[in-house]
Amino acid sequence: MSDMTLLEAINLALHHEMARDPDVVVLGEDVGVNGGVFRATVGLRDKFGFKRVIDTPLAEGLIAGVAVGMATQGLKPVAEFQFQGFIFPGMEQIICQAARMRNRTRGRLSCPIVYRSPYGAGIHSPEHHSESVEALFAHIPGLRVVIPSSPKRAYGLLLSAIRSPDPVMFFEPDRIYRAMKSDVVDDGIGLPLDVCFTLRTGHDLTIVAWGACILEVMRASQALSDEGIQCEVLDLATIKPLDMASILASVRKTGRLLVVHEACGSFGVGAEIVARVTEEAFTSLKAPPKRLTGVDAAVPYYRNEEHYLITEQDIALMAHQLMENKWL
């Protein structure tokens, strides 16, 4: 057991799985020479060599496409994009090849790829370094979308993602790469995909969030608890497919729903969750569900970044509004 950051947990999971399975390979820009832009892959080349830790050209389309070829021929590539906003040149390969491979070959070929990328604002970088476009990938049939929010979940979810027989978009919230530490046991046990994690139980309000926003949600929930408002906090973790069973069970208990996410609100994952809850648990709702999201704009430069990010106070205010609001 070690006390480590989310970034260190990612590195630990990669070391563990590469040692366990010789078919796992890592590729991306600078992943071998210096451990990548955030040093998530540091030490891998020294341990596993040039053939399994491959530095690529600055060509995201190449990274995405080569990973497809590797995956269909028996390897298990973990391909790193330096930032989520840099993935777009590889979208044709991800959407038209990786996501469709099992369907196109009628199950003859699978595509066990993990596309890793840091994502999100809060690191004082321009907009293409700060994207939150998980909803875009969640819209694509054949892709699983996973976002860890703690070191322990980063370790377990990445192990399960690598072992998955189909492509996984694995997005790591860079704002909390080094913002917290927790105990991580290098036991090789993967956490289940496609399920929410209940981080806090409560009976007044359900809050669903993921990624870096979990940090503010947990702080706000503690402050609300001191005021007598007990929030149930669900870490969505797997964005696609949604664990609606857990969300619906929680909402039926609390009667209120708040979804918090950094990505813009329009056509987002929060809208999907609210729509399904309204369709399937309408009679359990004590008040209209609410979303607290980013604005429909590019992430601003760092001097205005604090006005873009969701704060603990924003969450508490929205929670109070939900508690005071009722159906007419």
# chains A, B, ... in the order shown; residues from 1 in each chain; ligands from 1
>>> closest_atom_pairs(of="range 178-251 of chain A", to="range 18-24 of chain A", cutoff="12 Å", atoms="only C-alpha atoms", output="tab-separated table")
residue	atom	partner	partner_atom	distance
A:Asp187	CA	A:Arg20	CA	11.5
A:Gly188	CA	A:Arg20	CA	8.9
A:Ile189	CA	A:Arg20	CA	11.9
>>> select_by_dssp(residues="range 65-141 of chain A", states="helix (DSSP H, G or I)", output="JSON list (two decimals) with N, CA, C and O atoms, in the first residue's frame")
[["chain", "number", "residue", "atom", "x", "y", "z"],
["A", 65, "GLY", "N", -4.55, 5.44, -35.43],
["A", 65, "GLY", "CA", -4.64, 4.40, -36.45],
["A", 65, "GLY", "C", -3.72, 3.22, -36.19],
["A", 65, "GLY", "O", -4.12, 2.06, -36.36],
["A", 66, "VAL", "N", -2.48, 3.48, -35.79],
["A", 66, "VAL", "CA", -1.54, 2.40, -35.49],
["A", 66, "VAL", "C", -2.08, 1.56, -34.34],
["A", 66, "VAL", "O", -1.95, 0.33, -34.33],
["A", 67, "ALA", "N", -2.72, 2.21, -33.38],
["A", 67, "ALA", "CA", -3.30, 1.46, -32.25],
["A", 67, "ALA", "C", -4.39, 0.50, -32.73],
["A", 67, "ALA", "O", -4.50, -0.62, -32.22],
["A", 68, "VAL", "N", -5.18, 0.91, -33.72],
["A", 68, "VAL", "CA", -6.19, 0.02, -34.27],
["A", 68, "VAL", "C", -5.53, -1.21, -34.90],
["A", 68, "VAL", "O", -5.95, -2.36, -34.68],
["A", 69, "GLY", "N", -4.49, -0.99, -35.69],
["A", 69, "GLY", "CA", -3.79, -2.11, -36.31],
["A", 69, "GLY", "C", -3.21, -3.05, -35.28],
["A", 69, "GLY", "O", -3.31, -4.28, -35.41],
["A", 70, "MET", "N", -2.60, -2.50, -34.25],
["A", 70, "MET", "CA", -2.05, -3.34, -33.18],
["A", 70, "MET", "C", -3.13, -4.17, -32.51],
["A", 70, "MET", "O", -2.97, -5.38, -32.29],
["A", 71, "ALA", "N", -4.24, -3.52, -32.19],
["A", 71, "ALA", "CA", -5.31, -4.18, -31.44],
["A", 71, "ALA", "C", -5.94, -5.32, -32.22],
["A", 71, "ALA", "O", -6.30, -6.35, -31.65],
["A", 72, "THR", "N", -6.09, -5.14, -33.52],
["A", 72, "THR", "CA", -6.73, -6.19, -34.31],
["A", 72, "THR", "C", -5.81, -7.37, -34.56],
["A", 72, "THR", "O", -6.25, -8.43, -35.03],
["A", 84, "GLN", "N", -6.71, 16.27, -24.35],
["A", 84, "GLN", "CA", -7.95, 15.86, -25.02],
["A", 84, "GLN", "C", -8.20, 16.68, -26.28],
["A", 84, "GLN", "O", -8.69, 16.15, -27.28],
["A", 85, "GLY", "N", -7.86, 17.96, -26.25],
["A", 85, "GLY", "CA", -8.08, 18.81, -27.41],
["A", 85, "GLY", "C", -7.22, 18.47, -28.60],
["A", 85, "GLY", "O", -7.44, 18.99, -29.70],
["A", 86, "PHE", "N", -6.22, 17.59, -28.42],
["A", 86, "PHE", "CA", -5.36, 17.17, -29.52],
["A", 86, "PHE", "C", -5.87, 15.89, -30.20],
["A", 86, "PHE", "O", -5.28, 15.43, -31.17],
["A", 88, "PHE", "N", -8.60, 15.39, -31.88],
["A", 88, "PHE", "CA", -9.45, 15.58, -33.05],
["A", 88, "PHE", "C", -8.84, 15.11, -34.36],
["A", 88, "PHE", "O", -9.56, 14.56, -35.21],
["A", 89, "PRO", "N", -7.53, 15.26, -34.62],
["A", 89, "PRO", "CA", -6.98, 14.71, -35.86],
["A", 89, "PRO", "C", -7.10, 13.18, -35.95],
["A", 89, "PRO", "O", -7.02, 12.62, -37.05],
["A", 90, "GLY", "N", -7.27, 12.51, -34.81],
["A", 90, "GLY", "CA", -7.41, 11.06, -34.83],
["A", 90, "GLY", "C", -8.85, 10.57, -34.79],
["A", 90, "GLY", "O", -9.09, 9.35, -34.70],
["A", 91, "MET", "N", -9.81, 11.48, -34.92],
["A", 91, "MET", "CA", -11.21, 11.10, -34.76],
["A", 91, "MET", "C", -11.68, 10.12, -35.82],
["A", 91, "MET", "O", -12.49, 9.23, -35.55],
["A", 92, "GLU", "N", -11.20, 10.26, -37.04],
["A", 92, "GLU", "CA", -11.64, 9.35, -38.11],
["A", 92, "GLU", "C", -11.26, 7.91, -37.76],
["A", 92, "GLU", "O", -12.06, 6.99, -37.92],
["A", 93, "GLN", "N", -10.06, 7.73, -37.26],
["A", 93, "GLN", "CA", -9.60, 6.39, -36.92],
["A", 93, "GLN", "C", -10.36, 5.85, -35.70],
["A", 93, "GLN", "O", -10.72, 4.66, -35.65],
["A", 94, "ILE", "N", -10.62, 6.71, -34.72],
["A", 94, "ILE", "CA", -11.31, 6.27, -33.50],
["A", 94, "ILE", "C", -12.77, 5.94, -33.79],
["A", 94, "ILE", "O", -13.27, 4.87, -33.41],
["A", 95, "ILE", "N", -13.46, 6.84, -34.48],
["A", 95, "ILE", "CA", -14.90, 6.67, -34.69],
["A", 95, "ILE", "C", -15.20, 5.67, -35.80],
["A", 95, "ILE", "O", -16.07, 4.80, -35.65],
["A", 96, "CYS", "N", -14.48, 5.77, -36.91],
["A", 96, "CYS", "CA", -14.81, 4.95, -38.08],
["A", 96, "CYS", "C", -14.11, 3.60, -38.09],
["A", 96, "CYS", "O", -14.52, 2.71, -38.84],
["A", 97, "GLN", "N", -13.07, 3.44, -37.29],
["A", 97, "GLN", "CA", -12.34, 2.17, -37.28],
["A", 97, "GLN", "C", -12.45, 1.47, -35.93],
["A", 97, "GLN", "O", -13.06, 0.40, -35.82],
["A", 98, "ALA", "N", -11.87, 2.07, -34.89],
["A", 98, "ALA", "CA", -11.83, 1.40, -33.58],
["A", 98, "ALA", "C", -13.23, 1.10, -33.06],
["A", 98, "ALA", "O", -13.52, -0.04, -32.64],
["A", 101, "MET", "N", -15.11, -1.76, -35.22],
["A", 101, "MET", "CA", -14.41, -2.96, -35.65],
["A", 101, "MET", "C", -15.18, -4.23, -35.31],
["A", 101, "MET", "O", -15.32, -5.13, -36.16],
["A", 102, "ARG", "N", -15.69, -4.35, -34.12],
["A", 102, "ARG", "CA", -16.42, -5.56, -33.74],
["A", 102, "ARG", "C", -17.67, -5.73, -34.60],
["A", 102, "ARG", "O", -17.97, -6.82, -35.08],
["A", 103, "ASN", "N", -18.40, -4.64, -34.81],
["A", 103, "ASN", "CA", -19.62, -4.71, -35.63],
["A", 103, "ASN", "C", -19.29, -4.99, -37.09],
["A", 103, "ASN", "O", -19.94, -5.81, -37.75],
["A", 104, "ARG", "N", -18.27, -4.31, -37.59],
["A", 104, "ARG", "CA", -17.93, -4.44, -39.01],
["A", 104, "ARG", "C", -17.51, -5.87, -39.36],
["A", 104, "ARG", "O", -17.81, -6.37, -40.44],
["A", 127, "GLU", "N", -7.05, 26.89, -24.64],
["A", 127, "GLU", "CA", -8.27, 26.09, -24.71],
["A", 127, "GLU", "C", -8.06, 24.67, -25.21],
["A", 127, "GLU", "O", -8.71, 23.74, -24.71],
["A", 128, "HIS", "N", -7.18, 24.42, -26.15],
["A", 128, "HIS", "CA", -7.01, 23.05, -26.65],
["A", 128, "HIS", "C", -6.32, 22.14, -25.64],
["A", 128, "HIS", "O", -6.30, 20.93, -25.82],
["A", 129, "HIS", "N", -5.78, 22.73, -24.59],
["A", 129, "HIS", "CA", -5.21, 21.95, -23.50],
["A", 129, "HIS", "C", -6.22, 21.75, -22.37],
["A", 129, "HIS", "O", -5.90, 21.11, -21.36],
["A", 134, "GLU", "N", -16.19, 15.01, -23.25],
["A", 134, "GLU", "CA", -16.52, 13.60, -23.06],
["A", 134, "GLU", "C", -17.85, 13.22, -23.70],
["A", 134, "GLU", "O", -18.05, 12.08, -24.14],
["A", 135, "ALA", "N", -18.78, 14.19, -23.77],
["A", 135, "ALA", "CA", -20.09, 13.90, -24.37],
["A", 135, "ALA", "C", -19.97, 13.54, -25.85],
["A", 135, "ALA", "O", -20.75, 12.74, -26.37],
["A", 136, "LEU", "N", -18.98, 14.11, -26.52],
["A", 136, "LEU", "CA", -18.78, 13.82, -27.94],
["A", 136, "LEU", "C", -18.49, 12.33, -28.13],
["A", 136, "LEU", "O", -19.07, 11.68, -29.01],
["A", 137, "PHE", "N", -17.62, 11.79, -27.32],
["A", 137, "PHE", "CA", -17.25, 10.37, -27.45],
["A", 137, "PHE", "C", -18.35, 9.46, -26.93],
["A", 137, "PHE", "O", -18.53, 8.34, -27.43],
["A", 138, "ALA", "N", -19.10, 9.93, -25.93],
["A", 138, "ALA", "CA", -20.19, 9.13, -25.40],
["A", 138, "ALA", "C", -21.30, 8.93, -26.43],
["A", 138, "ALA", "O", -22.09, 8.00, -26.32]]
>>> residues_around(residues="His139 in chain A", least_positions_apart="4", cutoff="12 Å", atoms="only C-alpha atoms", output="JSON, numbers by chain")
{"A": [95, 99, 133, 134, 135, 143, 144, 145, 239, 240, 241, 242, 267, 268, 269, 272]}
>>> write_last_selection(atoms="N, CA, C and O atoms", output="PDB file, in the first residue's frame")
ATOM      1  N   ILE A  95     -13.459   6.836 -34.476  1.00  0.00           N
ATOM      2  CA  ILE A  95     -14.903   6.673 -34.695  1.00  0.00           C
ATOM      3  C   ILE A  95     -15.203   5.669 -35.797  1.00  0.00           C
ATOM      4  O   ILE A  95     -16.068   4.800 -35.655  1.00  0.00           O
ATOM      5  N   ALA A  99     -14.111   2.083 -33.073  1.00  0.00           N
ATOM      6  CA  ALA A  99     -15.439   1.904 -32.490  1.00  0.00           C
ATOM      7  C   ALA A  99     -16.291   0.912 -33.265  1.00  0.00           C
ATOM      8  O   ALA A  99     -17.186   0.283 -32.702  1.00  0.00           O
ATOM      9  N   VAL A 133     -14.748  17.366 -23.523  1.00  0.00           N
ATOM     10  CA  VAL A 133     -15.693  16.972 -24.578  1.00  0.00           C
ATOM     11  C   VAL A 133     -16.031  15.487 -24.474  1.00  0.00           C
ATOM     12  O   VAL A 133     -16.195  14.799 -25.474  1.00  0.00           O
ATOM     13  N   GLU A 134     -16.186  15.009 -23.249  1.00  0.00           N
ATOM     14  CA  GLU A 134     -16.518  13.597 -23.058  1.00  0.00           C
ATOM     15  C   GLU A 134     -17.847  13.219 -23.699  1.00  0.00           C
ATOM     16  O   GLU A 134     -18.048  12.082 -24.137  1.00  0.00           O
ATOM     17  N   ALA A 135     -18.779  14.191 -23.771  1.00  0.00           N
ATOM     18  CA  ALA A 135     -20.088  13.896 -24.368  1.00  0.00           C
ATOM     19  C   ALA A 135     -19.966  13.539 -25.845  1.00  0.00           C
ATOM     20  O   ALA A 135     -20.749  12.743 -26.367  1.00  0.00           O
ATOM     21  N   LEU A 143     -17.847   2.857 -28.312  1.00  0.00           N
ATOM     22  CA  LEU A 143     -16.829   3.422 -27.427  1.00  0.00           C
ATOM     23  C   LEU A 143     -17.318   3.412 -25.991  1.00  0.00           C
ATOM     24  O   LEU A 143     -18.474   3.745 -25.716  1.00  0.00           O
ATOM     25  N   ARG A 144     -16.441   3.040 -25.079  1.00  0.00           N
ATOM     26  CA  ARG A 144     -16.708   3.192 -23.649  1.00  0.00           C
ATOM     27  C   ARG A 144     -15.915   4.416 -23.190  1.00  0.00           C
ATOM     28  O   ARG A 144     -14.776   4.625 -23.620  1.00  0.00           O
ATOM     29  N   VAL A 145     -16.508   5.239 -22.328  1.00  0.00           N
ATOM     30  CA  VAL A 145     -15.858   6.461 -21.856  1.00  0.00           C
ATOM     31  C   VAL A 145     -15.742   6.397 -20.337  1.00  0.00           C
ATOM     32  O   VAL A 145     -16.749   6.273 -19.632  1.00  0.00           O
ATOM     33  N   ILE A 239     -18.826   7.178 -18.096  1.00  0.00           N
ATOM     34  CA  ILE A 239     -19.778   8.096 -18.729  1.00  0.00           C
ATOM     35  C   ILE A 239     -20.658   7.358 -19.730  1.00  0.00           C
ATOM     36  O   ILE A 239     -21.841   7.642 -19.880  1.00  0.00           O
ATOM     37  N   LYS A 240     -20.057   6.411 -20.406  1.00  0.00           N
ATOM     38  CA  LYS A 240     -20.780   5.597 -21.378  1.00  0.00           C
ATOM     39  C   LYS A 240     -20.298   4.161 -21.245  1.00  0.00           C
ATOM     40  O   LYS A 240     -19.092   3.931 -21.361  1.00  0.00           O
ATOM     41  N   PRO A 241     -21.154   3.181 -20.948  1.00  0.00           N
ATOM     42  CA  PRO A 241     -22.589   3.319 -20.737  1.00  0.00           C
ATOM     43  C   PRO A 241     -22.929   3.841 -19.336  1.00  0.00           C
ATOM     44  O   PRO A 241     -22.202   3.583 -18.377  1.00  0.00           O
ATOM     45  N   LEU A 242     -24.051   4.566 -19.244  1.00  0.00           N
ATOM     46  CA  LEU A 242     -24.487   5.139 -17.977  1.00  0.00           C
ATOM     47  C   LEU A 242     -25.052   4.073 -17.049  1.00  0.00           C
ATOM     48  O   LEU A 242     -25.782   3.182 -17.478  1.00  0.00           O
ATOM     49  N   PHE A 267     -26.415  19.954 -24.777  1.00  0.00           N
ATOM     50  CA  PHE A 267     -26.210  18.623 -25.366  1.00  0.00           C
ATOM     51  C   PHE A 267     -25.200  17.791 -24.579  1.00  0.00           C
ATOM     52  O   PHE A 267     -24.531  16.924 -25.133  1.00  0.00           O
ATOM     53  N   GLY A 268     -25.107  18.020 -23.283  1.00  0.00           N
ATOM     54  CA  GLY A 268     -24.111  17.354 -22.477  1.00  0.00           C
ATOM     55  C   GLY A 268     -24.604  16.097 -21.792  1.00  0.00           C
ATOM     56  O   GLY A 268     -25.779  15.713 -21.892  1.00  0.00           O
ATOM     57  N   VAL A 269     -23.702  15.454 -21.055  1.00  0.00           N
ATOM     58  CA  VAL A 269     -24.044  14.238 -20.331  1.00  0.00           C
ATOM     59  C   VAL A 269     -25.083  14.539 -19.253  1.00  0.00           C
ATOM     60  O   VAL A 269     -25.965  13.732 -18.984  1.00  0.00           O
ATOM     61  N   GLU A 272     -28.534  14.348 -20.625  1.00  0.00           N
ATOM     62  CA  GLU A 272     -28.962  12.964 -20.823  1.00  0.00           C
ATOM     63  C   GLU A 272     -29.445  12.353 -19.514  1.00  0.00           C
ATOM     64  O   GLU A 272     -30.482  11.672 -19.468  1.00  0.00           O
TER      65      GLU A 272
END
>>> closest_atom_pairs(of="range 264-304 of chain A", to="range 255-258 of chain A", cutoff="7 Å", atoms="only C-alpha atoms", output="tab-separated table")
residue	atom	partner	partner_atom	distance
A:Ser284	CA	A:Gly255	CA	5.5
A:Leu285	CA	A:Gly255	CA	4.4
A:Lys286	CA	A:Gly255	CA	5.0
A:Ala287	CA	A:Arg256	CA	6.0
A:Pro289	CA	A:Leu257	CA	4.9
A:Lys290	CA	A:Leu258	CA	5.0
A:Arg291	CA	A:Leu258	CA	5.6
>>> residues_around(residues="Asp3 in chain A", least_positions_apart="5", cutoff="9 Å", atoms="only C-alpha atoms", output="mmCIF file with N, CA, C and O atoms, in the first residue's frame")
data_model
loop_
_atom_site.group_PDB
_atom_site.id
_atom_site.type_symbol
_atom_site.label_atom_id
_atom_site.label_comp_id
_atom_site.auth_asym_id
_atom_site.auth_seq_id
_atom_site.Cartn_x
_atom_site.Cartn_y
_atom_site.Cartn_z
ATOM 1 N N LYS A 181 -3.888 12.921 -2.395
ATOM 2 C CA LYS A 181 -3.198 11.634 -2.242
ATOM 3 C C LYS A 181 -4.102 10.686 -1.462
ATOM 4 O O LYS A 181 -4.873 11.114 -0.604
ATOM 5 N N SER A 182 -4.010 9.406 -1.789
ATOM 6 C CA SER A 182 -4.731 8.395 -1.024
ATOM 7 C C SER A 182 -4.000 7.068 -1.154
ATOM 8 O O SER A 182 -3.124 6.901 -2.009
ATOM 9 N N ASP A 183 -4.352 6.143 -0.298
ATOM 10 C CA ASP A 183 -3.711 4.832 -0.310
ATOM 11 C C ASP A 183 -4.135 4.040 -1.543
ATOM 12 O O ASP A 183 -5.324 3.959 -1.856
ATOM 13 N N VAL A 184 -3.178 3.479 -2.227
ATOM 14 C CA VAL A 184 -3.435 2.622 -3.383
ATOM 15 C C VAL A 184 -2.681 1.317 -3.172
ATOM 16 O O VAL A 184 -1.467 1.329 -2.935
ATOM 17 N N VAL A 185 -3.382 0.225 -3.261
ATOM 18 C CA VAL A 185 -2.774 -1.093 -3.113
ATOM 19 C C VAL A 185 -2.501 -1.667 -4.497
ATOM 20 O O VAL A 185 -3.415 -1.787 -5.319
#
>>> residues_around(residues="Ala13 in chain A", least_positions_apart="5", cutoff="9 Å", atoms="only C-alpha atoms", output="ChimeraX atom specification")
/A:8,18,154-156,158-159,186,188
>>> residues_around(residues="Asp55 in chain A", least_positions_apart="3", cutoff="12 Å", atoms="only C-alpha atoms", output="MDAnalysis selection string")
chainID A and resid 25:36 41 44:45 49:52 58:59 62:63 79:81
>>> closest_residue(among="A:Thr56, A:Thr278, A:Thr293, A:Ser117", to="Met169 in chain A", atoms="only C-alpha atoms")
A:Ser117
>>> atom_distance(atom1="CA of Ser225 in chain A", atom2="CA of Gly211 in chain A")
21.9 Å
>>> residues_around(residues="Pro167 in chain A", least_positions_apart="5", cutoff="6 Å", atoms="only C-alpha atoms", output="JSON, numbers by chain")
{"A": [111, 112, 113, 114, 143]}
>>> write_last_selection(atoms="N, CA and C atoms", output="PDB file, in the first residue's frame")
ATOM      1  N   CYS A 111     -11.254  -4.843 -30.679  1.00  0.00           N
ATOM      2  CA  CYS A 111     -10.312  -3.729 -30.731  1.00  0.00           C
ATOM      3  C   CYS A 111      -9.984  -3.279 -29.303  1.00  0.00           C
ATOM      4  N   PRO A 112      -9.169  -4.047 -28.579  1.00  0.00           N
ATOM      5  CA  PRO A 112      -8.875  -3.724 -27.180  1.00  0.00           C
ATOM      6  C   PRO A 112      -7.842  -2.608 -27.039  1.00  0.00           C
ATOM      7  N   ILE A 113      -8.303  -1.386 -27.227  1.00  0.00           N
ATOM      8  CA  ILE A 113      -7.437  -0.204 -27.131  1.00  0.00           C
ATOM      9  C   ILE A 113      -7.880   0.634 -25.943  1.00  0.00           C
ATOM     10  N   VAL A 114      -6.919   1.238 -25.263  1.00  0.00           N
ATOM     11  CA  VAL A 114      -7.215   2.327 -24.338  1.00  0.00           C
ATOM     12  C   VAL A 114      -6.578   3.591 -24.911  1.00  0.00           C
ATOM     13  N   LEU A 143     -17.847   2.857 -28.312  1.00  0.00           N
ATOM     14  CA  LEU A 143     -16.829   3.422 -27.427  1.00  0.00           C
ATOM     15  C   LEU A 143     -17.318   3.412 -25.991  1.00  0.00           C
TER      16      LEU A 143
END
>>> select_by_dssp(residues="range 17-120 of chain A", states="strand (DSSP E or B)", output="number ranges by chain")
A: 24-28, 53-55, 76-80, 114-119
>>> closest_residue(among="A:Leu317, A:Ala263, A:Met218, A:Cys231", to="Ala298 in chain A", atoms="only C-alpha atoms")
A:Ala263
>>> closest_residue(among="A:Ser246, A:Thr283, A:Gln222, A:Ser266", to="Ile315 in chain A", atoms="only C-alpha atoms")
A:Gln222
>>> atom_distance(atom1="CA of His307 in chain A", atom2="CA of Val233 in chain A")
24.3 Å
>>> atom_distance(atom1="CA of Ile214 in chain A", atom2="CA of Asp174 in chain A")
13.0 Å
>>> closest_residue(among="A:Leu309, A:Met323, A:Leu12, A:Ala275", to="Lys152 in chain A", atoms="only C-alpha atoms")
A:Leu12
